[in-house]
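Report on the structure given below.
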Amino acid sequence: MTTTTAPSIPVRFEPTVAVRPQTFGRTVHAEWIKFWTVRSTVWTLIATVSVMVGISVLAAWGSTSGAVDAGSGPINMALLLSAGYQLSVAVLGVLTIAGEYSTGMIRSTLAAVPRRVPVLAAKALVLSGVVAGISVVSMALSYVATMPWHATLHTTFDLTDPLTLRMTVGLPLYLVAIALFAFAIGALIRNSAAALTAVIALLLVVENVLMVIPLRAVELISPFLPSTAGRRVLFDAETLTATDAMTKGAHLAPWLGYGVLVVWALVLFALAAMMLRRRDA
Amino acid sequence: MIQTHGLTKRYGSTTAVDHMSFTVQPGRVTGFLGPNGAGKSTTMRMIVGLDRPTEGSVTVNGRRYADHQAPLQEVGVLLDAKAVHTGRSARNHLRAMAATHGIATARVDEVIEMTGLASVADKRVGAFSLGMGQRLGIASALLGDPQTLILDEPVNGLDPEGVLWVRNLTKYLASQGRTIFLSSHLMSEMALTADHLIVVGRGHVLADAPVADVIAGAHGSKIRVRSPRADDLEVLLRRDGASVIATEPGLLEVSGTSAERIGDAAASAGLPLHELTPFGSSLEDAYLQLTADEVEYHSTPIGTATTTGASPAIQGASR
């Protein structure tokens, strides 16, 4: 049928509701609303902050009472924190995207933003901002919460000290990169449970197991795995030396290691964007 | 206006949509009718770019959906009731959707009110009944005050009051000059709601015509005639050009003529009539005829299948 055979249209539709063009800024706004209106992400944030501050206090208390040798100062606390902390941040990264696939929400999302890739970018931006934000908040709270032990531990917080600066800046950056890495895996696997399992297995099990397998091929690859490489930005000189003594293969400089993690996140993100464009939603 | 050109979707060796070409015009309700697995949902998903066509193309108001500046203003879509995050409240879902196009919160409240969700708007969607989920889906579809509305099985899970509401709403929106494209496998609902029908089966367009034409194109109307002298009457009617089937002694099924002509012919020949009942073919007949060879999942008939027992509602609509 062609338009010439169409029946006469008595009314020409005139919209009455103000609707503005779809832009990236509006997509970010929508993702910001979405982030804060799902309980699972909000609880994950609360858990993250609690765990970080909790571990700081325990570490400070432990090292002063001689139960744990955690070194001295907030610097080493940051190191201790990263292990448990990266887990909840990774969970957050996965849930941000995979939750939409598990519930079917992604179809509404992509119908509103049919160019698709901006959705991924907007989500990543919101996620990065939130993770960076809670990292800083958690560090500040940890500092305050561990004050009773500062004198005993000879704690100083001096950003002119290169090591303190690297760790203070490195922690939020490390966690943002881990969150994005997990996010990209969530976007590729598109299922919350499967993606969570994959990310946790990789970060907590596979990498740590591979580190101690005495095969040459594994020894060569292991230093370049995402968390193994990236967390070096949080290591002080003693920890770097100790880790290097334990492992063969490349010994990456702290920021170089972080760069390797960023490359992992970016490559997976690009792959996720490509697949998002190609696959049916 | 929605236009598809040779739209095709294959999943491996299965062809869900097979070179479908049709146009959905504004200003009326177009029903998209077909058995399960006919490719209705896939077609609708391709219109809004959720599924990529294997071949062919589809445009909305002259452009690919994704190429519109404000897609939600062009097309509102209800795909299925589950396209919502179960952990979010209805209001927050709509707020987020609205934010993508800078739509004011006042409009969010408006569609909540319009769809009767006010009392549950702040509850988690996961706790919604199927009907409530459907209403939320329709609320999202209406959010951008779209020129084109695509509703996939909108009355699914709705109570009778909700079904009536959808029927009136879609008719009203069409009267405003919008394009309304509505899928269903419920013929009776289509007969009451749609002005125009696109009937599909196994990915093919089987009919694309006004509802009345689709019905007329099926059997044509039939008339049941009961007479003690049926044999004489049969000869008379055949001479008149009507086609007659003697279904049992004294009972004829006549088509190709009208009840008036049969009555007049019988009277002038002095033949007594005991019954003269026109029974219009229903949309259901038309649909079953059109899709007879196209249904993917055949069921074994139980007892005697009758397709002519049209309900009063269908006859009313197809008069």
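Chain labels run A, B, ... following the order of the structure tokens; each chain numbers its residues from 1, and ligands are numbered from 1 in the order shown.
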
- Please report as a ChimeraX atom specification which residues of chain B come no farther than 8 Å from chain A, using only C-alpha atoms. /B:22-23,25-27,48-52,65-66,69-73,77,82-89,92-93,95-104,107,144-147,175-178

- Query: What lies within 8 Å of B:Asp80 using only C-alpha atoms, ignoring chain neighbours under 2 positions off, as a ChimeraX atom specification?
  - Reply: /B:78,82-83,134,137,152-153

At a cut-off of 12 Å, can you tabulate as JSON lines every residue of stretch 121-232 of chain B near stretch 2-10 of chain B together with its closest atom pair and the distance in Å to one decimal, using only C-alpha atoms and ordering rows by chain then number?
```
{"residue": "B:Gln147", "atom": "CA", "partner": "B:Ile2", "partner_atom": "CA", "distance": 10.7}
{"residue": "B:Thr148", "atom": "CA", "partner": "B:Ile2", "partner_atom": "CA", "distance": 8.1}
{"residue": "B:Leu149", "atom": "CA", "partner": "B:Ile2", "partner_atom": "CA", "distance": 10.1}
{"residue": "B:Ile150", "atom": "CA", "partner": "B:Ile2", "partner_atom": "CA", "distance": 9.9}
{"residue": "B:Arg178", "atom": "CA", "partner": "B:Ile2", "partner_atom": "CA", "distance": 11.2}
{"residue": "B:Thr179", "atom": "CA", "partner": "B:Ile2", "partner_atom": "CA", "distance": 8.0}
{"residue": "B:Ile180", "atom": "CA", "partner": "B:Ile2", "partner_atom": "CA", "distance": 9.6}
{"residue": "B:Phe181", "atom": "CA", "partner": "B:Ile2", "partner_atom": "CA", "distance": 8.8}
{"residue": "B:Arg202", "atom": "CA", "partner": "B:Lys9", "partner_atom": "CA", "distance": 11.5}
{"residue": "B:Gly203", "atom": "CA", "partner": "B:Thr8", "partner_atom": "CA", "distance": 8.2}
{"residue": "B:His204", "atom": "CA", "partner": "B:Thr8", "partner_atom": "CA", "distance": 9.7}
{"residue": "B:Val205", "atom": "CA", "partner": "B:Gly6", "partner_atom": "CA", "distance": 10.7}
```

Mind writing the picked residues with C-alpha atoms as a CSV table (one decimal), in the first residue's frame?
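Listing of result_13.csv after writing:
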```
chain,number,residue,atom,x,y,z
B,147,GLN,CA,3.2,10.2,17.3
B,148,THR,CA,3.3,6.4,16.9
B,149,LEU,CA,2.4,3.9,19.5
B,150,ILE,CA,3.4,0.3,19.3
B,178,ARG,CA,-1.5,9.2,15.9
B,179,THR,CA,-0.3,5.9,14.4
B,180,ILE,CA,-1.5,3.0,16.6
B,181,PHE,CA,0.0,-0.4,15.9
B,202,ARG,CA,5.0,-17.8,9.7
B,203,GLY,CA,6.6,-14.5,9.1
B,204,HIS,CA,4.5,-13.6,6.0
B,205,VAL,CA,1.8,-10.9,5.5
```

- Message: Using DSSP assignments from the backbone, pull out every residue in stretch 73-169 of chain B that falls under alpha helix (DSSP H) and give it to me as a ChimeraX atom specification.
- Response: /B:73-74,90-99,105-114,130-142,160-169

- Give the answer as one residue: which of A:Ser63, A:Trp43, A:Gly54, A:Thr48 has the shortest atom-to-atom distance to A:His150, using only C-alpha atoms? A:Ser63

- Which of stretch 119-261 of chain B fall in strand (DSSP E), as JSON, numbers by chain: {"B": [148, 149, 150, 151, 152, 179, 180, 181, 182, 183, 184, 196, 197, 198, 199, 200, 201, 204, 205, 206, 207, 208, 209, 210, 222, 223, 224, 225, 226, 243, 244, 245, 246, 247, 248, 251, 252, 253, 254, 255]}

- Point-to-point distance in Å for atom CA of B:Ala139 and atom CA of B:Trp165: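 If I compute the distance from atom CA of B:Trp165 to atom CA of B:Ala139, I get 12.9 Å.
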
- Tell me, as an MDAnalysis selection string, which residues lie within 9 Å of A:Ala265, counting only C-alpha atoms; anything in the same chain fewer than 3 positions away does not count. chainID A and resid 177:184 226 260:262 268:270
